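K.L.:
Structure file run_36.txt (compact mmCIF, C-alpha atoms and all ligand atoms) right here:
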# COMPACT_ATOMS: atom_id res chain seq x y z
CA MET A 1 -21.65 -15.80 24.35
CA LYS A 2 -23.72 -13.94 21.77
CA LEU A 3 -22.85 -10.54 20.33
CA TYR A 4 -24.69 -8.27 17.91
CA ASN A 5 -23.56 -5.70 15.38
CA LEU A 6 -24.33 -2.16 16.52
CA LYS A 7 -24.99 -1.09 12.92
CA ASP A 8 -27.27 -4.04 12.11
CA ASN A 9 -28.73 -5.80 15.13
CA SER A 10 -29.80 -8.75 13.01
CA GLU A 11 -26.15 -9.79 12.58
CA GLN A 12 -25.44 -11.99 15.57
CA VAL A 13 -22.21 -13.84 16.18
CA SER A 14 -20.54 -16.10 18.73
CA PHE A 15 -17.54 -14.98 20.78
CA ALA A 16 -15.24 -17.00 18.48
CA GLN A 17 -16.67 -15.29 15.40
CA ALA A 18 -16.44 -11.85 16.97
CA ILE A 19 -12.78 -12.43 17.81
CA LYS A 20 -11.92 -13.69 14.35
CA GLN A 21 -13.95 -11.09 12.46
CA GLY A 22 -13.16 -8.07 14.62
CA LEU A 23 -15.81 -5.95 12.89
CA GLY A 24 -19.26 -6.81 11.57
CA LYS A 25 -21.05 -5.69 8.39
CA GLN A 26 -20.81 -1.98 7.52
CA GLN A 27 -17.82 -1.83 9.87
CA GLY A 28 -20.20 -2.24 12.80
CA LEU A 29 -18.84 -2.97 16.26
CA PHE A 30 -19.89 -6.09 18.14
CA PHE A 31 -21.55 -5.70 21.51
CA PRO A 32 -22.53 -8.39 24.06
CA GLN A 33 -26.15 -9.53 24.02
CA ASP A 34 -26.10 -10.39 27.72
CA LEU A 35 -24.56 -8.06 30.25
CA PRO A 36 -23.73 -10.23 33.26
CA GLU A 37 -24.19 -8.73 36.71
CA PHE A 38 -22.89 -9.75 40.11
CA ASN A 39 -24.70 -8.86 43.32
CA ARG A 40 -22.97 -7.13 46.22
CA GLU A 41 -22.05 -10.37 47.94
CA GLU A 42 -20.62 -11.91 44.77
CA ILE A 43 -18.58 -8.77 44.15
CA ASP A 44 -17.16 -8.95 47.68
CA GLN A 45 -16.23 -12.60 47.12
CA LEU A 46 -14.61 -11.79 43.77
CA LEU A 47 -12.58 -8.99 45.28
CA LYS A 48 -11.03 -11.47 47.72
CA LEU A 49 -9.60 -13.65 44.93
CA ASP A 50 -6.19 -13.27 43.29
CA PHE A 51 -5.98 -11.36 39.99
CA VAL A 52 -5.83 -14.35 37.62
CA THR A 53 -8.54 -16.40 39.35
CA ARG A 54 -10.84 -13.41 39.68
CA SER A 55 -10.30 -12.42 36.05
CA SER A 56 -11.21 -15.94 34.90
CA HIS A 57 -14.56 -15.68 36.71
CA ILE A 58 -15.27 -12.22 35.33
CA LEU A 59 -14.54 -13.22 31.74
CA SER A 60 -16.35 -16.52 32.03
CA ALA A 61 -19.45 -14.60 33.04
CA PHE A 62 -19.38 -13.06 29.55
CA ILE A 63 -18.00 -15.97 27.53
CA GLY A 64 -20.36 -18.53 29.09
CA ASP A 65 -20.08 -22.17 28.00
CA GLU A 66 -18.49 -21.31 24.66
CA ILE A 67 -15.06 -21.76 26.26
CA PRO A 68 -14.95 -23.71 29.55
CA LEU A 69 -13.76 -21.82 32.64
CA GLU A 70 -10.64 -24.02 32.94
CA HIS A 71 -9.49 -23.03 29.44
CA VAL A 72 -10.22 -19.37 30.07
CA ALA A 73 -8.16 -19.63 33.25
CA VAL A 74 -5.18 -21.18 31.45
CA ARG A 75 -5.31 -18.46 28.77
CA ILE A 76 -5.50 -15.68 31.32
CA LYS A 77 -2.60 -17.12 33.23
CA SER A 78 -0.50 -16.94 30.03
CA ALA A 79 -1.70 -13.42 29.22
CA PHE A 80 -1.63 -11.69 32.62
CA THR A 81 1.93 -12.43 33.66
CA PHE A 82 2.55 -9.07 35.35
CA PRO A 83 0.80 -7.14 38.13
CA ALA A 84 -1.40 -4.01 38.07
CA PRO A 85 -0.47 -2.25 41.33
CA VAL A 86 -2.28 0.73 42.82
CA ALA A 87 0.19 3.44 43.93
CA LYS A 88 -0.74 6.20 46.34
CA VAL A 89 -0.13 9.72 45.02
CA GLU A 90 -1.99 11.91 47.50
CA GLU A 91 -4.15 11.30 50.59
CA ASP A 92 -7.27 11.01 48.43
CA VAL A 93 -5.76 10.04 45.07
CA ALA A 94 -4.05 6.92 43.77
CA THR A 95 -3.04 5.63 40.36
CA LEU A 96 -3.54 2.20 38.84
CA GLU A 97 -0.22 1.36 37.17
CA LEU A 98 -0.98 -0.62 34.04
CA PHE A 99 2.51 -0.44 32.56
CA HIS A 100 4.38 -3.38 34.07
CA GLY A 101 3.97 -5.62 31.00
CA PRO A 102 6.49 -6.29 28.21
CA THR A 103 5.72 -3.10 26.25
CA LEU A 104 5.19 -0.90 29.31
CA ALA A 105 1.62 0.14 28.53
CA PHE A 106 -1.89 -0.99 29.42
CA LYS A 107 -2.40 -2.32 25.91
CA ASP A 108 -0.37 -5.37 26.92
CA PHE A 109 -3.40 -6.66 28.82
CA GLY A 110 -5.79 -6.53 25.87
CA GLY A 111 -3.20 -7.48 23.27
CA ARG A 112 -1.96 -10.53 25.09
CA PHE A 113 -5.43 -11.78 26.01
CA MET A 114 -6.61 -11.32 22.43
CA ALA A 115 -3.63 -13.27 21.08
CA GLN A 116 -4.42 -16.09 23.50
CA MET A 117 -8.11 -16.12 22.59
CA LEU A 118 -7.37 -16.05 18.89
CA ALA A 119 -5.03 -19.01 19.29
CA GLN A 120 -7.80 -20.75 21.27
CA VAL A 121 -10.49 -20.30 18.60
CA ALA A 122 -8.45 -20.32 15.35
CA GLY A 123 -6.75 -23.68 15.73
CA GLU A 124 -4.80 -24.49 12.56
CA GLN A 125 -6.16 -21.73 10.32
CA PRO A 126 -3.66 -19.05 9.18
CA VAL A 127 -4.56 -15.49 10.21
CA THR A 128 -3.29 -12.01 9.29
CA ILE A 129 -3.66 -9.40 11.96
CA LEU A 130 -4.02 -5.91 10.43
CA THR A 131 -4.08 -3.02 12.82
CA ALA A 132 -3.48 0.72 13.03
CA THR A 133 -1.67 2.20 15.97
CA SER A 134 -1.09 5.67 17.34
CA GLY A 135 1.81 4.22 19.31
CA ASP A 136 1.14 1.69 21.98
CA THR A 137 -1.34 -0.76 20.47
CA GLY A 138 1.20 -1.69 17.84
CA ALA A 139 3.86 -2.60 20.35
CA ALA A 140 1.44 -4.57 22.48
CA VAL A 141 0.01 -6.47 19.53
CA ALA A 142 3.43 -7.13 18.01
CA HIS A 143 4.81 -8.53 21.25
CA ALA A 144 1.66 -10.51 22.02
CA PHE A 145 1.77 -12.33 18.64
CA TYR A 146 5.52 -12.40 17.99
CA GLY A 147 6.59 -15.93 17.09
CA LEU A 148 3.08 -17.46 17.21
CA ASP A 149 2.51 -20.12 14.51
CA ASN A 150 0.02 -19.40 11.73
CA VAL A 151 -0.27 -15.72 12.58
CA GLN A 152 1.31 -12.81 10.72
CA VAL A 153 0.85 -9.24 11.89
CA VAL A 154 0.77 -6.05 9.79
CA ILE A 155 0.87 -2.81 11.77
CA LEU A 156 0.25 0.65 10.27
CA TYR A 157 1.42 3.74 12.11
CA PRO A 158 1.71 7.45 11.27
CA GLN A 159 5.27 8.13 10.17
CA GLY A 160 7.10 10.56 12.45
CA LYS A 161 4.12 10.89 14.79
CA ILE A 162 5.06 8.31 17.40
CA SER A 163 8.00 8.52 19.76
CA PRO A 164 11.32 7.10 18.47
CA LEU A 165 11.45 4.63 21.34
CA GLN A 166 7.89 3.51 20.75
CA GLU A 167 8.88 2.84 17.17
CA LYS A 168 11.94 0.85 18.24
CA LEU A 169 9.85 -1.27 20.51
CA PHE A 170 7.76 -2.87 17.76
CA CYS A 171 9.46 -2.10 14.43
CA THR A 172 12.61 -4.06 15.24
CA LEU A 173 11.07 -7.50 15.78
CA GLY A 174 10.85 -8.84 12.21
CA GLY A 175 9.78 -12.47 11.79
CA ASN A 176 5.99 -12.63 11.61
CA ILE A 177 5.68 -8.93 12.48
CA HIS A 178 5.47 -6.48 9.51
CA THR A 179 5.43 -2.75 10.27
CA VAL A 180 4.39 -0.01 7.84
CA ALA A 181 5.03 3.71 8.34
CA ILE A 182 2.19 5.60 6.63
CA ASP A 183 2.68 9.12 5.35
CA GLY A 184 -0.33 10.54 7.22
CA ASP A 185 -1.88 10.74 10.68
CA PHE A 186 -3.47 8.06 12.86
CA ASP A 187 -6.94 8.66 11.44
CA ASP A 188 -5.52 7.97 7.94
CA CYS A 189 -4.09 4.68 9.23
CA GLN A 190 -7.38 3.78 10.84
CA ALA A 191 -9.26 4.62 7.63
CA LEU A 192 -6.93 2.34 5.61
CA VAL A 193 -7.59 -0.52 8.00
CA LYS A 194 -11.34 0.01 7.67
CA GLN A 195 -11.04 0.02 3.87
CA ALA A 196 -9.12 -3.25 3.97
CA PHE A 197 -11.85 -4.85 6.06
CA ASP A 198 -14.44 -3.67 3.55
CA ASP A 199 -12.58 -5.42 0.74
CA ASN A 200 -13.92 -8.98 0.69
CA GLU A 201 -11.36 -10.35 -1.73
CA LEU A 202 -8.51 -9.05 0.38
CA LYS A 203 -10.15 -10.19 3.57
CA GLN A 204 -10.46 -13.74 2.32
CA ALA A 205 -7.02 -13.93 0.72
CA LEU A 206 -5.36 -12.93 3.98
CA TYR A 207 -7.83 -14.20 6.59
CA LEU A 208 -7.75 -10.65 7.89
CA ASN A 209 -8.35 -9.95 11.52
CA SER A 210 -8.24 -6.60 13.28
CA ALA A 211 -6.40 -6.26 16.55
CA ASN A 212 -6.90 -2.68 17.64
CA SER A 213 -9.29 -1.64 20.36
CA ILE A 214 -12.19 -2.62 18.09
CA ASN A 215 -11.73 -6.31 18.96
CA ILE A 216 -14.13 -7.24 21.75
CA SER A 217 -11.66 -9.59 23.44
CA ARG A 218 -9.35 -6.67 24.21
CA LEU A 219 -12.12 -4.79 25.96
CA LEU A 220 -13.15 -7.79 28.01
CA ALA A 221 -9.57 -8.27 29.22
CA GLN A 222 -9.42 -4.65 30.31
CA ILE A 223 -12.49 -5.03 32.55
CA CYS A 224 -10.38 -7.21 34.83
CA TYR A 225 -7.97 -4.53 36.01
CA TYR A 226 -10.74 -2.24 37.20
CA PHE A 227 -11.75 -5.02 39.60
CA GLU A 228 -8.10 -5.42 40.54
CA ALA A 229 -7.90 -1.72 41.40
CA VAL A 230 -10.92 -1.85 43.69
CA ALA A 231 -9.60 -5.04 45.31
CA GLN A 232 -6.49 -3.12 46.38
CA LEU A 233 -8.35 -0.12 47.83
CA PRO A 234 -9.26 0.10 51.50
CA GLU A 235 -12.87 -1.08 51.91
CA ASP A 236 -14.14 2.24 53.25
CA LYS A 237 -13.16 3.98 50.00
CA ARG A 238 -15.15 1.62 47.79
CA GLY A 239 -18.39 3.57 47.89
CA GLN A 240 -16.70 6.88 47.08
CA LEU A 241 -14.57 5.93 44.11
CA VAL A 242 -14.18 8.23 41.11
CA ILE A 243 -12.08 6.92 38.20
CA SER A 244 -10.46 9.14 35.59
CA VAL A 245 -9.49 7.49 32.29
CA PRO A 246 -7.12 9.11 29.77
CA SER A 247 -9.00 8.51 26.54
CA GLY A 248 -8.19 8.30 22.84
CA ASN A 249 -10.20 5.57 21.15
CA PHE A 250 -12.24 5.11 24.34
CA GLY A 251 -11.60 1.39 24.69
CA ASP A 252 -10.26 1.71 28.21
CA LEU A 253 -13.23 3.76 29.32
CA THR A 254 -15.65 1.29 27.70
CA ALA A 255 -14.06 -1.51 29.73
CA GLY A 256 -14.38 0.52 32.94
CA LEU A 257 -18.04 1.21 32.29
CA LEU A 258 -18.61 -2.49 31.58
CA ALA A 259 -16.99 -3.24 34.95
CA LYS A 260 -19.44 -0.85 36.59
CA SER A 261 -22.34 -2.46 34.73
CA MET A 262 -21.30 -5.82 36.24
CA GLY A 263 -21.70 -4.35 39.71
CA LEU A 264 -18.26 -2.99 40.51
CA PRO A 265 -18.80 -0.04 42.88
CA VAL A 266 -17.68 3.10 41.03
CA LYS A 267 -19.39 6.39 41.81
CA ARG A 268 -18.55 7.97 38.48
CA PHE A 269 -16.16 7.91 35.57
CA ILE A 270 -14.35 10.81 34.00
CA ALA A 271 -13.32 10.82 30.34
CA ALA A 272 -10.11 12.85 30.18
CA THR A 273 -8.79 13.89 26.77
CA ASN A 274 -6.20 16.16 25.22
CA VAL A 275 -7.33 18.88 22.80
CA ASN A 276 -8.62 16.18 20.45
CA ASP A 277 -11.88 16.62 22.30
CA THR A 278 -14.68 15.32 20.08
CA VAL A 279 -16.32 13.47 22.98
CA PRO A 280 -16.14 16.23 25.64
CA ARG A 281 -17.66 18.66 23.15
CA TYR A 282 -20.34 16.12 22.27
CA LEU A 283 -21.19 15.59 25.93
CA THR A 284 -21.48 19.36 26.35
CA ASP A 285 -23.57 20.33 23.34
CA GLY A 286 -24.87 17.05 21.90
CA LYS A 287 -23.18 17.64 18.55
CA TRP A 288 -20.74 15.13 17.05
CA VAL A 289 -18.24 17.31 15.20
CA PRO A 290 -14.76 15.73 14.85
CA HIS A 291 -12.08 18.30 14.06
CA GLN A 292 -8.79 17.71 12.27
CA THR A 293 -6.57 15.63 14.57
CA VAL A 294 -3.93 17.71 16.36
CA ALA A 295 -0.54 16.31 17.44
CA THR A 296 -0.02 16.58 21.22
CA LEU A 297 2.36 15.35 23.92
CA SER A 298 -0.09 12.56 24.70
CA ASN A 299 0.13 11.12 21.20
CA ALA A 300 -1.66 7.84 21.95
CA MET A 301 -4.75 9.99 22.51
CA ASP A 302 -4.47 11.99 19.28
CA VAL A 303 -7.74 10.63 17.96
CA SER A 304 -10.64 12.74 16.78
CA GLN A 305 -12.96 9.92 15.70
CA PRO A 306 -12.81 7.53 18.66
CA ASN A 307 -13.97 4.19 17.36
CA ASN A 308 -15.31 2.74 20.61
CA TRP A 309 -17.74 5.57 21.26
CA PRO A 310 -20.80 3.71 19.83
CA ARG A 311 -20.26 0.97 22.41
CA ILE A 312 -20.37 3.49 25.24
CA GLU A 313 -23.61 4.97 23.94
CA GLU A 314 -25.08 1.48 23.60
CA LEU A 315 -24.10 0.58 27.16
CA PHE A 316 -25.69 3.74 28.59
CA TYR A 317 -28.81 3.00 26.57
CA ARG A 318 -28.97 -0.65 27.66
CA LYS A 319 -28.45 0.24 31.33
CA SER A 320 -30.77 3.27 31.14
CA TRP A 321 -27.96 5.43 32.49
CA PRO A 322 -28.16 9.11 31.52
CA LEU A 323 -25.15 10.13 29.44
CA SER A 324 -24.83 13.20 31.66
CA GLU A 325 -23.42 10.89 34.38
CA LEU A 326 -20.25 10.61 32.36
CA ARG A 327 -17.97 13.47 33.37
CA HIS A 328 -15.25 14.83 31.12
CA GLY A 329 -12.37 17.24 30.90
CA VAL A 330 -9.89 18.53 28.32
CA VAL A 331 -6.23 19.28 29.05
CA SER A 332 -3.85 21.27 26.84
CA ASP A 333 -0.17 20.45 26.38
CA GLU A 334 0.71 23.49 28.48
CA VAL A 335 -1.32 22.26 31.44
CA THR A 336 -0.10 18.70 30.87
CA LYS A 337 3.48 19.91 31.35
CA GLU A 338 2.60 21.82 34.52
CA THR A 339 0.81 18.76 35.83
CA ILE A 340 3.79 16.47 35.22
CA LYS A 341 5.85 18.94 37.26
CA ALA A 342 3.24 19.10 40.01
CA LEU A 343 3.11 15.30 40.20
CA ALA A 344 6.91 15.15 40.41
CA LYS A 345 6.72 17.55 43.39
CA LEU A 346 4.37 15.06 45.02
CA GLY A 347 7.03 12.42 44.45
CA TYR A 348 5.38 10.72 41.51
CA ILE A 349 7.03 10.61 38.08
CA SER A 350 4.34 10.46 35.44
CA GLU A 351 3.94 10.86 31.67
CA PRO A 352 1.57 12.95 29.54
CA HIS A 353 -1.40 10.52 29.29
CA ALA A 354 -1.67 9.75 32.98
CA ALA A 355 -1.02 13.39 33.83
CA ILE A 356 -4.09 14.40 31.84
CA ALA A 357 -6.22 11.93 33.76
CA TYR A 358 -4.80 13.16 37.06
CA ARG A 359 -5.39 16.83 36.19
CA VAL A 360 -9.08 16.38 35.41
CA LEU A 361 -9.56 14.12 38.43
CA ARG A 362 -7.89 16.59 40.81
CA ASP A 363 -10.00 19.43 39.41
CA GLN A 364 -13.28 17.54 39.77
CA LEU A 365 -12.84 15.42 42.91
CA GLN A 366 -15.26 16.37 45.70
CA GLU A 367 -14.77 16.35 49.46
CA GLY A 368 -14.96 12.82 50.86
CA GLU A 369 -14.43 11.13 47.50
CA TYR A 370 -11.50 8.93 46.59
CA GLY A 371 -9.91 9.36 43.17
CA LEU A 372 -8.12 6.87 40.96
CA PHE A 373 -6.49 7.71 37.65
CA LEU A 374 -5.18 5.16 35.20
CA GLY A 375 -1.44 5.08 34.60
CA THR A 376 -1.55 3.91 31.01
CA ALA A 377 2.17 3.99 30.12
CA HIS A 378 5.56 3.90 31.82
CA PRO A 379 7.12 7.40 31.93
CA ALA A 380 10.22 6.08 30.16
CA LYS A 381 8.06 5.34 27.14
CA PHE A 382 7.76 9.09 26.73
CA LYS A 383 11.29 9.71 27.89
CA GLU A 384 12.08 12.64 25.56
CA SER A 385 9.16 14.78 26.61
CA VAL A 386 9.21 13.83 30.29
CA GLU A 387 12.93 14.53 30.58
CA GLN A 388 12.53 17.85 28.86
CA ILE A 389 9.67 18.86 31.13
CA LEU A 390 11.36 17.76 34.36
CA GLY A 391 14.90 18.65 33.37
CA GLU A 392 16.22 15.34 34.67
CA GLU A 393 17.15 12.00 33.16
CA LEU A 394 14.97 8.94 33.41
CA PRO A 395 16.52 5.48 33.46
CA LEU A 396 15.40 3.25 30.58
CA PRO A 397 13.62 0.10 31.68
CA GLU A 398 15.16 -3.09 30.34
CA ALA A 399 12.51 -3.85 27.73
CA LEU A 400 13.28 -0.54 26.02
CA ALA A 401 17.04 -0.48 26.58
CA GLU A 402 17.39 -3.82 24.79
CA ARG A 403 15.71 -2.55 21.64
CA ALA A 404 17.01 1.02 21.49
CA ASP A 405 20.04 0.18 19.33
CA LEU A 406 18.37 -2.19 16.86
CA ALA A 407 17.63 -1.15 13.25
CA LEU A 408 14.08 -0.27 12.20
CA LEU A 409 12.59 -2.83 9.79
CA SER A 410 9.54 -0.77 8.73
CA HIS A 411 8.27 -0.33 5.19
CA CYS A 412 7.05 3.12 4.10
CA LEU A 413 3.82 3.68 2.18
CA PRO A 414 1.69 6.72 1.27
CA ALA A 415 -1.83 6.93 2.74
CA ASN A 416 -3.18 5.22 -0.34
CA PHE A 417 -5.34 2.10 -0.23
CA ALA A 418 -4.29 0.64 -3.59
CA GLU A 419 -0.66 0.57 -2.51
CA LEU A 420 -1.46 -0.97 0.84
CA ARG A 421 -3.62 -3.58 -0.88
CA ALA A 422 -0.76 -4.64 -3.18
CA PHE A 423 1.60 -4.78 -0.20
CA LEU A 424 -0.79 -7.05 1.65
CA LEU A 425 -1.54 -9.37 -1.26
CA GLU A 426 2.19 -10.06 -1.64
CA ARG A 427 2.01 -11.45 1.86
CA ALA A 428 -1.08 -13.65 1.50
CA PRO A 429 -0.62 -17.15 2.91
CA GLU A 430 -0.68 -20.04 0.37
C1 LIG A 501 -3.97 3.89 23.89
C2 LIG A 501 -3.58 4.77 25.00
C3 LIG A 501 -4.51 5.60 25.64
C4 LIG A 501 -5.93 5.71 25.17
O1 LIG A 501 -6.68 4.53 25.38
P1 LIG A 501 -8.04 4.29 24.60
O2 LIG A 501 -8.52 2.96 25.04
O3 LIG A 501 -7.71 4.33 23.13
O4 LIG A 501 -8.95 5.40 24.97
C5 LIG A 501 -4.08 6.34 26.73
N1 LIG A 501 -2.81 6.31 27.15
C6 LIG A 501 -1.87 5.54 26.54
C7 LIG A 501 -0.47 5.57 27.04
C8 LIG A 501 -2.23 4.74 25.46
O5 LIG A 501 -1.31 3.99 24.86
Represent the supplied structure as structure tokens.

P.N.:
Amino acid sequence: MKLYNLKDNSEQVSFAQAIKQGLGKQQGLFFPQDLPEFNREEIDQLLKLDFVTRSSHILSAFIGDEIPLEHVAVRIKSAFTFPAPVAKVEEDVATLELFHGPTLAFKDFGGRFMAQMLAQVAGEQPVTILTATSGDTGAAVAHAFYGLDNVQVVILYPQGKISPLQEKLFCTLGGNIHTVAIDGDFDDCQALVKQAFDDNELKQALYLNSANSINISRLLAQICYYFEAVAQLPEDKRGQLVISVPSGNFGDLTAGLLAKSMGLPVKRFIAATNVNDTVPRYLTDGKWVPHQTVATLSNAMDVSQPNNWPRIEELFYRKSWPLSELRHGVVSDEVTKETIKALAKLGYISEPHAAIAYRVLRDQLQEGEYGLFLGTAHPAKFKESVEQILGEELPLPEALAERADLALLSHCLPANFAELRAFLLERAPE
């Protein structure tokens, strides 16, 4: 597999390099040189396979002979150890539940596959994973790498801006997992990570590797569950499918669009955001004007400079798709709350991120179409707000209940690169 840097097309790397490096020169994102496509018949065959086998074929189409299919299959089997069921919500609307993994959010898919791929290509070399999280990536990455030899993980998160239970889930592990609460917002954390990757001395001393949605392996893993969703739908709905994706950094949506580019039948995608709406405004008026990030109920989507956006533009360009085909919608906290209540009346307990996707989908779905929204997190992950909105208690799933009473092991740092740098250098491998 060959990939190129979106900021400098002359920088070309293998899949192994892209995984290890995360980002290219000038913080450019890597993008696949070849975009594999399946014809209608091949898609129908793929949809008949089980999740793990099908996913191995999909990813092998990208990875090519760089990693043999058998190895890819073994890695996927270790990564995808939980299902992605489609649950019916209304006659014409269903949700793809991506929260049955160890940290109860879709980021388990990408995080676990990336950890497996990194182990596959790194061999004996020590690696430091440095990543910023607005909540869920951190937990997924921490759990995916916890206890792996030769890998240490440093996770930055905005202090006081993620839910207490989210924090418990990944800041109580210890061992090879270091967590740092930054006095700032998610964009500050993301900026610190970018600065670290620009610092060659630091990069070499720590064998730095990013593990947020920038890493291409995470995106590739996420393609697989869009196929899984379609495989579970009745065949007569396949031609009429509209998918709504709750979006923050736009990694999930990029993966969905890649699935469509491979031939998966999806009529259109909807990018659903909270009031951090840089992309919806851009799609409306063509102007890229990020505002100050605002804290919302859907905190994993509190991103005003979504880092995967250049990949989406590149894909539309490569496929000659007009950008106007991408639909969008913005949902306030007020409407998010109402929507969680409306979903509960329909018998479905949801959480703020999925509720946003549902709201925009419901508002835009046409007669005869079939809508699917992504359920990106378990409602119990956002227990405080969901309970307050619904006025009823939610049971804690086991993965959370186990960690809720453990002490936080996080370090605290200001949003200052020099201090982060010193912190990291103290942890450089021999
Ligand atoms: C990360 C996250 C999102 C946003 O996904 P992106 O790929 O960053 O757009 C949505 N919902 C939840 C629960 C998340 O954790």

K.L.:
Counting only C-alpha atoms, which residues of range 155-223 of chain A sit at most 10 Å from some atom of range 368-381 of chain A, and what is each one's closest atom pair with its distance in Å to one decimal, listed by chain and rising residue number, as a tab-separated table?

P.N.:
residue	atom	partner	partner_atom	distance
A:Ser163	CA	A:Lys381	CA	8.0
A:Pro164	CA	A:Lys381	CA	9.4
A:Leu165	CA	A:Lys381	CA	6.8
A:Gln166	CA	A:Lys381	CA	6.6
A:Leu169	CA	A:Lys381	CA	9.5

K.L.:
Ranking A:Phe417, A:Phe80, A:Phe38, A:Phe186 by minimum distance to ligand LIG 501 (chain A) and counting only C-alpha atoms and all ligand atoms, which one comes first?

P.N.:
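The answer is A:Phe186, which sits nearest to ligand LIG 501 (chain A).
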
K.L.:
Residues at most 9 Å from ligand LIG 501 (chain A), using only C-alpha atoms and all ligand atoms? Could they come as a ChimeraX atom specification?

P.N.:
/A:99,104-107,133-137,212-213,219,245-255,271,273,298-303,306-308,351-354,374-378,381-382

K.L.:
Please measure the separation of CA of Asp198 in chain A and CA of Cys412 in chain A, giving the value in Å to one decimal.

P.N.:
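So the two atoms, CA of Asp198 in chain A and CA of Cys412 in chain A, lie 22.5 Å apart.
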
K.L.:
Separation of CA of Asn209 in chain A and CA of Lys77 in chain A, in Å?

P.N.:
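CA of Lys77 in chain A lies 23.6 Å from CA of Asn209 in chain A.
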
K.L.:
When distances are computed from only C-alpha atoms, which of A:Ala295, A:Leu46, A:Val89, A:Leu35 shows the smallest separation from Gly347 in chain A?

P.N.:
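Looking only at the distances to Gly347 in chain A, the closest residue turns out to be A:Val89.
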
K.L.:
Select, from A:Ala191, A:Ala87, A:Val141, A:Ala272, the residue with the minimum atom-to-atom distance to Met114 in chain A, counting only C-alpha atoms.

P.N.:
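For Met114 in chain A, the nearest of the candidates is A:Val141.
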
K.L.:
Of the candidates A:Ala231, A:Leu156, A:Ala181, A:Ala94, which one gets nearest to Leu49 in chain A if we count all atoms listed in the file?

P.N.:
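For Leu49 in chain A, the nearest of the given residues is A:Ala231.
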
K.L.:
Given only C-alpha atoms as the basis, pick out the residue of A:Ser410, A:Gln240, A:Gln366, A:Ser261 nearest to Glu37 in chain A.

P.N.:
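Smallest distance to Glu37 in chain A is found for A:Ser261.
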
K.L.:
For CA of Phe62 in chain A and CA of Lys20 in chain A, quote the distance in Å rounded to one decimal.

P.N.:
16.9 Å

K.L.:
When distances are computed from all atoms listed in the file, which of A:Leu365, A:Leu413, A:Asp149, A:Pro68 shows the smallest separation from Cys189 in chain A?

P.N.:
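Among the listed residues, the smallest separation from Cys189 in chain A belongs to A:Leu413.
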
K.L.:
Quick one: everything within 9 Å of range 264-266 of chain A, counting all atoms listed in the file, minus sequence neighbours fewer than 5 positions away in the same chain. Send it as a ChimeraX atom specification.

P.N.:
/A:38,40,43,226-227,230,238-243,257-259

K.L.:
Need the shell around Ser244 in chain A: protein/DNA/RNA residues with any atom at most 6 Å away, counting all atoms listed in the file. Skip same-chain ones fewer than 3 positions apart. Format as a PyMOL selection string?

P.N.:
chain A and resi 269-270+357+361+373
